[in-house]
Amino acid sequence: MTLCRRTHRGLATLLAASAVIAALPALAQSGSGRKPAPKGAEVYFHYPLDGLRVPERFTVRMGLKEMGLAPAGTEWPATGHHHLLINTEPGPADQPIPADYNNIHLGNGQSEVVVTLPKGRHTLQLLLGDHNHVPHDPPVMSRKITVYVR
């Protein structure tokens with residue numbers, strides 16, 4: 001029985017090592033390990049538009065070209081999920097996008113979200129994340145817009 005268990009463990013180790021070796025070309029191809037963004041991929045705001053005056057509670061509607069939406073944790077080629085950045089800058093491109101008040105994760109694959117902001121000037125930006133919330137390579141990011149909450 002001991003010999004059989006050792007053989008089974010040895011085979012399992014060999015299979016695991018084979019899987020890692022098989023994945024190396026794909027990792028080397030992407031360079032950073034980040035998921036590649038298709039050429040022409042673009043994320044943008046349907047609403048609000050830059051400079052618009054909005055109520056304290058409003059719906060942000062997002063658009064996406066040349067890619068598809070998929071929930072976080074779902075790894076499909078040329079897909080991602082939206083992150084809404086409010087009054088903040090994008091973080092390092094090789095790190096997961098944080099989840100906090102300024103970085104809203106739309107991890108179910110949503111293309112709109114209702115936000116409530118205090119009166120005043122606010123910046124909004126969209127950033128697509130892969131299944132692990134990491135920006136694609138190159139990042140699929142909107143230009144930053146400004147809204148005025150009345």
# chains A, B, ... in the order shown; residues from 1 in each chain; ligands from 1
>>> residues_around(residues="Pro98 (chain A)", least_positions_apart="6", cutoff="10 Å", atoms="only C-alpha atoms", output="PyMOL selection string")
chain A and resi 83+85+90-91+104-105+133-134
>>> write_last_selection(atoms="N, CA and C atoms", output="PDB file, in the first residue's frame")
ATOM      1  N   HIS A  83     -14.852  48.702 -13.829  1.00  0.00           N
ATOM      2  CA  HIS A  83     -14.527  49.338 -12.548  1.00  0.00           C
ATOM      3  C   HIS A  83     -14.724  50.831 -12.762  1.00  0.00           C
ATOM      4  N   LEU A  85     -13.921  54.418 -11.377  1.00  0.00           N
ATOM      5  CA  LEU A  85     -12.993  55.140 -10.504  1.00  0.00           C
ATOM      6  C   LEU A  85     -13.563  56.528 -10.252  1.00  0.00           C
ATOM      7  N   PRO A  90      -5.908  55.734 -11.564  1.00  0.00           N
ATOM      8  CA  PRO A  90      -5.685  54.285 -11.652  1.00  0.00           C
ATOM      9  C   PRO A  90      -4.402  53.900 -10.920  1.00  0.00           C
ATOM     10  N   GLY A  91      -4.392  52.743 -10.317  1.00  0.00           N
ATOM     11  CA  GLY A  91      -3.205  52.245  -9.631  1.00  0.00           C
ATOM     12  C   GLY A  91      -2.244  51.588 -10.605  1.00  0.00           C
ATOM     13  N   ILE A 104     -15.140  51.380  -7.651  1.00  0.00           N
ATOM     14  CA  ILE A 104     -16.359  50.571  -7.594  1.00  0.00           C
ATOM     15  C   ILE A 104     -16.228  49.401  -8.573  1.00  0.00           C
ATOM     16  N   HIS A 105     -16.302  48.192  -8.042  1.00  0.00           N
ATOM     17  CA  HIS A 105     -16.212  46.977  -8.860  1.00  0.00           C
ATOM     18  C   HIS A 105     -17.602  46.572  -9.332  1.00  0.00           C
ATOM     19  N   HIS A 133      -9.469  41.125 -11.558  1.00  0.00           N
ATOM     20  CA  HIS A 133      -9.511  42.575 -11.318  1.00  0.00           C
ATOM     21  C   HIS A 133      -8.215  43.280 -11.722  1.00  0.00           C
ATOM     22  N   VAL A 134      -7.391  42.658 -12.544  1.00  0.00           N
ATOM     23  CA  VAL A 134      -6.137  43.265 -13.005  1.00  0.00           C
ATOM     24  C   VAL A 134      -6.392  43.908 -14.377  1.00  0.00           C
TER      25      VAL A 134
END
>>> closest_atom_pairs(of="region 60-127 of chain A", to="region 138-148 of chain A", cutoff="7 Å", atoms="only C-alpha atoms", output="JSON lines")
{"residue": "A:Gly120", "atom": "CA", "partner": "A:Tyr148", "partner_atom": "CA", "distance": 5.5}
{"residue": "A:Arg121", "atom": "CA", "partner": "A:Tyr148", "partner_atom": "CA", "distance": 4.6}
{"residue": "A:His122", "atom": "CA", "partner": "A:Val147", "partner_atom": "CA", "distance": 5.4}
{"residue": "A:Thr123", "atom": "CA", "partner": "A:Thr146", "partner_atom": "CA", "distance": 4.4}
{"residue": "A:Leu124", "atom": "CA", "partner": "A:Ile145", "partner_atom": "CA", "distance": 5.3}
{"residue": "A:Gln125", "atom": "CA", "partner": "A:Lys144", "partner_atom": "CA", "distance": 4.7}
{"residue": "A:Leu126", "atom": "CA", "partner": "A:Ser142", "partner_atom": "CA", "distance": 5.1}
{"residue": "A:Leu127", "atom": "CA", "partner": "A:Met141", "partner_atom": "CA", "distance": 4.4}
>>> atom_distance(atom1="CA of Ala78 (chain A)", atom2="CA of Val60 (chain A)")
23.0 Å
>>> residues_around(residues="Leu64 (chain A)", least_positions_apart="4", cutoff="9 Å", atoms="only C-alpha atoms", output="list in words")
Ala41, Glu42, Val43, Tyr44, Phe45, Gly68, Leu69 and Ser111 of chain A
>>> write_last_selection(atoms="N, CA and C atoms", output="compact mmCIF listing (two decimals), in the first residue's frame")
# COMPACT_ATOMS: atom_id res chain seq x y z
N ALA A 41 -9.79 47.87 -28.55
CA ALA A 41 -10.68 47.78 -27.38
C ALA A 41 -10.83 49.15 -26.75
N GLU A 42 -12.06 49.46 -26.37
CA GLU A 42 -12.34 50.79 -25.83
C GLU A 42 -13.50 50.71 -24.84
N VAL A 43 -13.39 51.44 -23.75
CA VAL A 43 -14.47 51.58 -22.78
C VAL A 43 -14.82 53.06 -22.70
N TYR A 44 -16.11 53.36 -22.56
CA TYR A 44 -16.53 54.76 -22.61
C TYR A 44 -17.83 54.95 -21.81
N PHE A 45 -18.14 56.21 -21.54
CA PHE A 45 -19.37 56.57 -20.84
C PHE A 45 -20.50 56.82 -21.83
N GLY A 68 -15.90 41.75 -24.63
CA GLY A 68 -17.15 41.37 -24.00
C GLY A 68 -17.07 41.51 -22.49
N LEU A 69 -18.23 41.49 -21.85
CA LEU A 69 -18.30 41.54 -20.39
C LEU A 69 -18.45 40.14 -19.84
N SER A 111 -23.24 46.75 -16.77
CA SER A 111 -22.81 47.87 -17.60
C SER A 111 -23.45 49.17 -17.13
>>> closest_residue(among="A:Ala99, A:Leu117, A:Met67, A:Met62", to="Asn87 (chain A)", atoms="only C-alpha atoms")
A:Leu117
>>> closest_residue(among="A:Gly33, A:Pro55, A:Pro135, A:Pro48", to="His82 (chain A)", atoms="only C-alpha atoms")
A:Pro135
>>> residues_around(residues="Thr79 (chain A)", least_positions_apart="6", cutoff="10 Å", atoms="only C-alpha atoms", output="list in words")
Lys35, Pro36, Ala37, Pro38, Glu66, Met67, Gly68, Leu69, Ala70, Pro71, Ala72, Gly109, Leu128, Gly129, Asp130, His131 and His136 of chain A
>>> write_last_selection(atoms="all heavy atoms", output="mmCIF file, in the first residue's frame")
data_model
loop_
_atom_site.group_PDB
_atom_site.id
_atom_site.type_symbol
_atom_site.label_atom_id
_atom_site.label_comp_id
_atom_site.auth_asym_id
_atom_site.auth_seq_id
_atom_site.Cartn_x
_atom_site.Cartn_y
_atom_site.Cartn_z
ATOM 1 N N LYS A 35 -3.681 39.833 -18.968
ATOM 2 C CA LYS A 35 -4.448 39.390 -20.134
ATOM 3 C C LYS A 35 -4.328 40.428 -21.245
ATOM 4 O O LYS A 35 -4.445 41.630 -20.989
ATOM 5 C CB LYS A 35 -5.925 39.199 -19.777
ATOM 6 C CG LYS A 35 -6.158 38.112 -18.755
ATOM 7 C CD LYS A 35 -5.790 36.780 -19.330
ATOM 8 C CE LYS A 35 -5.979 35.683 -18.295
ATOM 9 N NZ LYS A 35 -5.376 34.450 -18.692
ATOM 10 N N PRO A 36 -4.098 39.993 -22.468
ATOM 11 C CA PRO A 36 -3.979 40.957 -23.564
ATOM 12 C C PRO A 36 -5.329 41.575 -23.916
ATOM 13 O O PRO A 36 -6.358 40.907 -23.878
ATOM 14 C CB PRO A 36 -3.442 40.117 -24.720
ATOM 15 C CG PRO A 36 -3.848 38.717 -24.399
ATOM 16 C CD PRO A 36 -3.888 38.621 -22.901
ATOM 17 N N ALA A 37 -5.303 42.851 -24.253
ATOM 18 C CA ALA A 37 -6.499 43.552 -24.732
ATOM 19 C C ALA A 37 -6.491 43.512 -26.257
ATOM 20 O O ALA A 37 -5.457 43.761 -26.875
ATOM 21 C CB ALA A 37 -6.498 44.996 -24.253
ATOM 22 N N PRO A 38 -7.619 43.180 -26.858
ATOM 23 C CA PRO A 38 -7.663 43.178 -28.321
ATOM 24 C C PRO A 38 -7.412 44.574 -28.886
ATOM 25 O O PRO A 38 -7.727 45.585 -28.253
ATOM 26 C CB PRO A 38 -9.100 42.750 -28.635
ATOM 27 C CG PRO A 38 -9.613 42.125 -27.400
ATOM 28 C CD PRO A 38 -8.884 42.763 -26.264
ATOM 29 N N GLU A 66 -15.133 46.063 -28.934
ATOM 30 C CA GLU A 66 -14.130 45.050 -29.270
ATOM 31 C C GLU A 66 -13.813 44.078 -28.134
ATOM 32 O O GLU A 66 -12.817 43.356 -28.206
ATOM 33 C CB GLU A 66 -12.827 45.693 -29.774
ATOM 34 C CG GLU A 66 -13.003 46.599 -30.969
ATOM 35 C CD GLU A 66 -13.594 45.906 -32.182
ATOM 36 O OE1 GLU A 66 -13.325 44.703 -32.406
ATOM 37 O OE2 GLU A 66 -14.351 46.566 -32.915
ATOM 38 N N MET A 67 -14.613 44.086 -27.074
ATOM 39 C CA MET A 67 -14.450 43.125 -25.976
ATOM 40 C C MET A 67 -15.835 42.789 -25.446
ATOM 41 O O MET A 67 -16.809 43.473 -25.749
ATOM 42 C CB MET A 67 -13.591 43.691 -24.839
ATOM 43 C CG MET A 67 -12.128 43.832 -25.191
ATOM 44 S SD MET A 67 -11.118 44.338 -23.788
ATOM 45 C CE MET A 67 -10.986 42.800 -22.883
ATOM 46 N N GLY A 68 -15.899 41.751 -24.626
ATOM 47 C CA GLY A 68 -17.152 41.368 -23.997
ATOM 48 C C GLY A 68 -17.073 41.513 -22.494
ATOM 49 O O GLY A 68 -15.990 41.634 -21.922
ATOM 50 N N LEU A 69 -18.229 41.492 -21.850
ATOM 51 C CA LEU A 69 -18.297 41.544 -20.395
ATOM 52 C C LEU A 69 -18.448 40.139 -19.841
ATOM 53 O O LEU A 69 -19.177 39.319 -20.403
ATOM 54 C CB LEU A 69 -19.493 42.391 -19.939
ATOM 55 C CG LEU A 69 -19.387 43.884 -20.189
ATOM 56 C CD1 LEU A 69 -20.688 44.585 -19.799
ATOM 57 C CD2 LEU A 69 -18.219 44.471 -19.420
ATOM 58 N N ALA A 70 -17.764 39.874 -18.749
ATOM 59 C CA ALA A 70 -17.866 38.590 -18.054
ATOM 60 C C ALA A 70 -17.725 38.863 -16.559
ATOM 61 O O ALA A 70 -16.989 39.773 -16.165
ATOM 62 C CB ALA A 70 -16.774 37.626 -18.521
ATOM 63 N N PRO A 71 -18.414 38.108 -15.736
ATOM 64 C CA PRO A 71 -18.282 38.320 -14.289
ATOM 65 C C PRO A 71 -16.853 38.081 -13.810
ATOM 66 O O PRO A 71 -16.092 37.313 -14.417
ATOM 67 C CB PRO A 71 -19.222 37.268 -13.689
ATOM 68 C CG PRO A 71 -20.147 36.884 -14.791
ATOM 69 C CD PRO A 71 -19.371 37.048 -16.060
ATOM 70 N N ALA A 72 -16.496 38.749 -12.722
ATOM 71 C CA ALA A 72 -15.189 38.518 -12.095
ATOM 72 C C ALA A 72 -15.068 37.029 -11.775
ATOM 73 O O ALA A 72 -16.048 36.376 -11.441
ATOM 74 C CB ALA A 72 -15.062 39.350 -10.828
ATOM 75 N N GLY A 109 -20.525 41.715 -14.102
ATOM 76 C CA GLY A 109 -20.602 41.975 -15.535
ATOM 77 C C GLY A 109 -21.603 43.073 -15.887
ATOM 78 O O GLY A 109 -21.999 43.190 -17.038
ATOM 79 N N LEU A 128 -11.333 48.678 -17.276
ATOM 80 C CA LEU A 128 -11.745 47.283 -17.389
ATOM 81 C C LEU A 128 -10.735 46.395 -16.676
ATOM 82 O O LEU A 128 -9.524 46.610 -16.802
ATOM 83 C CB LEU A 128 -11.839 46.892 -18.863
ATOM 84 C CG LEU A 128 -12.788 45.748 -19.179
ATOM 85 C CD1 LEU A 128 -14.228 46.153 -18.928
ATOM 86 C CD2 LEU A 128 -12.616 45.297 -20.611
ATOM 87 N N GLY A 129 -11.223 45.426 -15.919
ATOM 88 C CA GLY A 129 -10.352 44.478 -15.240
ATOM 89 C C GLY A 129 -10.609 43.068 -15.745
ATOM 90 O O GLY A 129 -11.715 42.759 -16.199
ATOM 91 N N ASP A 130 -9.607 42.213 -15.661
ATOM 92 C CA ASP A 130 -9.770 40.815 -16.071
ATOM 93 C C ASP A 130 -10.470 40.033 -14.961
ATOM 94 O O ASP A 130 -10.982 40.610 -13.999
ATOM 95 C CB ASP A 130 -8.428 40.200 -16.473
ATOM 96 C CG ASP A 130 -7.470 39.994 -15.300
ATOM 97 O OD1 ASP A 130 -7.870 40.148 -14.119
ATOM 98 O OD2 ASP A 130 -6.304 39.657 -15.552
ATOM 99 N N HIS A 131 -10.468 38.727 -15.061
ATOM 100 C CA HIS A 131 -11.154 37.877 -14.087
ATOM 101 C C HIS A 131 -10.628 38.046 -12.669
ATOM 102 O O HIS A 131 -11.321 37.766 -11.705
ATOM 103 C CB HIS A 131 -11.082 36.409 -14.516
ATOM 104 C CG HIS A 131 -9.687 35.857 -14.543
ATOM 105 N ND1 HIS A 131 -8.751 36.232 -15.484
ATOM 106 C CD2 HIS A 131 -9.081 34.983 -13.733
ATOM 107 C CE1 HIS A 131 -7.631 35.595 -15.246
ATOM 108 N NE2 HIS A 131 -7.792 34.830 -14.186
ATOM 109 N N HIS A 136 -5.998 45.021 -18.216
ATOM 110 C CA HIS A 136 -5.465 44.299 -19.368
ATOM 111 C C HIS A 136 -4.167 44.960 -19.841
ATOM 112 O O HIS A 136 -3.768 46.006 -19.353
ATOM 113 C CB HIS A 136 -6.498 44.290 -20.499
ATOM 114 C CG HIS A 136 -7.709 43.478 -20.170
ATOM 115 N ND1 HIS A 136 -8.710 43.946 -19.352
ATOM 116 C CD2 HIS A 136 -8.060 42.230 -20.530
ATOM 117 C CE1 HIS A 136 -9.640 43.023 -19.230
ATOM 118 N NE2 HIS A 136 -9.274 41.972 -19.932
#
>>> closest_residue(among="A:Gly51, A:Pro118, A:Gly107, A:Gly80", to="Arg34 (chain A)", atoms="only C-alpha atoms")
A:Gly80
>>> residues_around(residues="Tyr47 (chain A)", least_positions_apart="3", cutoff="10 Å", atoms="only C-alpha atoms", output="PDB file with all heavy atoms, in the first residue's frame")
ATOM      1  N   TYR A  44     -16.108  53.361 -22.563  1.00  0.00           N
ATOM      2  CA  TYR A  44     -16.534  54.759 -22.610  1.00  0.00           C
ATOM      3  C   TYR A  44     -17.827  54.947 -21.814  1.00  0.00           C
ATOM      4  O   TYR A  44     -18.508  53.984 -21.471  1.00  0.00           O
ATOM      5  CB  TYR A  44     -16.730  55.211 -24.062  1.00  0.00           C
ATOM      6  CG  TYR A  44     -17.707  54.357 -24.829  1.00  0.00           C
ATOM      7  CD1 TYR A  44     -19.055  54.701 -24.900  1.00  0.00           C
ATOM      8  CD2 TYR A  44     -17.291  53.192 -25.473  1.00  0.00           C
ATOM      9  CE1 TYR A  44     -19.957  53.905 -25.580  1.00  0.00           C
ATOM     10  CE2 TYR A  44     -18.182  52.404 -26.166  1.00  0.00           C
ATOM     11  CZ  TYR A  44     -19.515  52.754 -26.220  1.00  0.00           C
ATOM     12  OH  TYR A  44     -20.408  51.968 -26.879  1.00  0.00           O
ATOM     13  N   ASP A  50     -19.068  64.294 -20.109  1.00  0.00           N
ATOM     14  CA  ASP A  50     -18.151  65.243 -19.473  1.00  0.00           C
ATOM     15  C   ASP A  50     -18.802  66.617 -19.307  1.00  0.00           C
ATOM     16  O   ASP A  50     -19.415  67.145 -20.233  1.00  0.00           O
ATOM     17  CB  ASP A  50     -16.881  65.367 -20.324  1.00  0.00           C
ATOM     18  CG  ASP A  50     -15.783  66.138 -19.625  1.00  0.00           C
ATOM     19  OD1 ASP A  50     -15.664  66.026 -18.386  1.00  0.00           O
ATOM     20  OD2 ASP A  50     -15.035  66.849 -20.314  1.00  0.00           O
ATOM     21  N   LEU A  52     -21.325  67.445 -17.387  1.00  0.00           N
ATOM     22  CA  LEU A  52     -22.758  67.427 -17.096  1.00  0.00           C
ATOM     23  C   LEU A  52     -23.036  67.708 -15.622  1.00  0.00           C
ATOM     24  O   LEU A  52     -22.276  67.318 -14.742  1.00  0.00           O
ATOM     25  CB  LEU A  52     -23.324  66.056 -17.477  1.00  0.00           C
ATOM     26  CG  LEU A  52     -24.831  65.964 -17.639  1.00  0.00           C
ATOM     27  CD1 LEU A  52     -25.311  66.851 -18.779  1.00  0.00           C
ATOM     28  CD2 LEU A  52     -25.218  64.522 -17.926  1.00  0.00           C
ATOM     29  N   PHE A  58     -27.463  59.239  -9.269  1.00  0.00           N
ATOM     30  CA  PHE A  58     -27.624  59.111 -10.720  1.00  0.00           C
ATOM     31  C   PHE A  58     -27.066  57.767 -11.195  1.00  0.00           C
ATOM     32  O   PHE A  58     -26.322  57.097 -10.490  1.00  0.00           O
ATOM     33  CB  PHE A  58     -26.951  60.282 -11.455  1.00  0.00           C
ATOM     34  CG  PHE A  58     -25.462  60.371 -11.253  1.00  0.00           C
ATOM     35  CD1 PHE A  58     -24.585  59.866 -12.202  1.00  0.00           C
ATOM     36  CD2 PHE A  58     -24.930  60.969 -10.105  1.00  0.00           C
ATOM     37  CE1 PHE A  58     -23.211  59.951 -12.014  1.00  0.00           C
ATOM     38  CE2 PHE A  58     -23.562  61.070  -9.922  1.00  0.00           C
ATOM     39  CZ  PHE A  58     -22.701  60.551 -10.869  1.00  0.00           C
ATOM     40  N   THR A  59     -27.454  57.389 -12.400  1.00  0.00           N
ATOM     41  CA  THR A  59     -27.017  56.118 -12.993  1.00  0.00           C
ATOM     42  C   THR A  59     -25.881  56.374 -13.965  1.00  0.00           C
ATOM     43  O   THR A  59     -25.987  57.240 -14.839  1.00  0.00           O
ATOM     44  CB  THR A  59     -28.178  55.428 -13.731  1.00  0.00           C
ATOM     45  OG1 THR A  59     -29.242  55.199 -12.799  1.00  0.00           O
ATOM     46  CG2 THR A  59     -27.740  54.093 -14.325  1.00  0.00           C
ATOM     47  N   VAL A  60     -24.797  55.625 -13.797  1.00  0.00           N
ATOM     48  CA  VAL A  60     -23.667  55.664 -14.730  1.00  0.00           C
ATOM     49  C   VAL A  60     -23.864  54.496 -15.697  1.00  0.00           C
ATOM     50  O   VAL A  60     -24.021  53.345 -15.265  1.00  0.00           O
ATOM     51  CB  VAL A  60     -22.318  55.529 -13.983  1.00  0.00           C
ATOM     52  CG1 VAL A  60     -21.162  55.479 -14.975  1.00  0.00           C
ATOM     53  CG2 VAL A  60     -22.136  56.663 -12.988  1.00  0.00           C
ATOM     54  N   ARG A  61     -23.877  54.802 -16.997  1.00  0.00           N
ATOM     55  CA  ARG A  61     -24.030  53.772 -18.034  1.00  0.00           C
ATOM     56  C   ARG A  61     -22.753  53.706 -18.853  1.00  0.00           C
ATOM     57  O   ARG A  61     -22.261  54.736 -19.315  1.00  0.00           O
ATOM     58  CB  ARG A  61     -25.221  54.102 -18.919  1.00  0.00           C
ATOM     59  CG  ARG A  61     -26.535  53.979 -18.167  1.00  0.00           C
ATOM     60  CD  ARG A  61     -27.746  54.199 -19.076  1.00  0.00           C
ATOM     61  NE  ARG A  61     -28.957  54.034 -18.313  1.00  0.00           N
ATOM     62  CZ  ARG A  61     -29.570  55.029 -17.673  1.00  0.00           C
ATOM     63  NH1 ARG A  61     -29.087  56.253 -17.722  1.00  0.00           N
ATOM     64  NH2 ARG A  61     -30.681  54.800 -16.989  1.00  0.00           N
ATOM     65  N   MET A  62     -22.237  52.483 -19.023  1.00  0.00           N
ATOM     66  CA  MET A  62     -20.937  52.273 -19.665  1.00  0.00           C
ATOM     67  C   MET A  62     -21.066  51.526 -20.985  1.00  0.00           C
ATOM     68  O   MET A  62     -21.946  50.684 -21.132  1.00  0.00           O
ATOM     69  CB  MET A  62     -20.048  51.447 -18.736  1.00  0.00           C
ATOM     70  CG  MET A  62     -19.789  52.113 -17.410  1.00  0.00           C
ATOM     71  SD  MET A  62     -19.597  50.913 -16.080  1.00  0.00           S
ATOM     72  CE  MET A  62     -20.991  51.385 -15.086  1.00  0.00           C
ATOM     73  N   GLY A  63     -20.170  51.811 -21.900  1.00  0.00           N
ATOM     74  CA  GLY A  63     -20.102  51.098 -23.167  1.00  0.00           C
ATOM     75  C   GLY A  63     -18.738  50.444 -23.336  1.00  0.00           C
ATOM     76  O   GLY A  63     -17.755  50.861 -22.712  1.00  0.00           O
ATOM     77  N   GLU A 112     -24.041  49.153 -15.945  1.00  0.00           N
ATOM     78  CA  GLU A 112     -24.518  50.382 -15.320  1.00  0.00           C
ATOM     79  C   GLU A 112     -24.558  50.207 -13.812  1.00  0.00           C
ATOM     80  O   GLU A 112     -24.625  49.085 -13.303  1.00  0.00           O
ATOM     81  CB  GLU A 112     -25.880  50.820 -15.859  1.00  0.00           C
ATOM     82  CG  GLU A 112     -27.026  49.897 -15.602  1.00  0.00           C
ATOM     83  CD  GLU A 112     -28.334  50.469 -16.154  1.00  0.00           C
ATOM     84  OE1 GLU A 112     -28.375  50.868 -17.329  1.00  0.00           O
ATOM     85  OE2 GLU A 112     -29.312  50.511 -15.383  1.00  0.00           O
TER      86      GLU A 112
END
>>> select_by_dssp(residues="region 62-117 of chain A", states="strand (DSSP E or B)", output="list of chain:residue names")
A:Met62, A:Gly63, A:Leu64, A:Lys65, A:Gly68, A:Leu69, A:Thr79, A:Gly80, A:His81, A:His82, A:His83, A:Leu84, A:Leu85, A:Ile86, A:Asp100, A:Asn103, A:Ile104, A:His105, A:Glu112, A:Val113, A:Val114, A:Val115, A:Thr116
>>> atom_distance(atom1="CA of Leu84 (chain A)", atom2="CA of Lys119 (chain A)")
18.5 Å
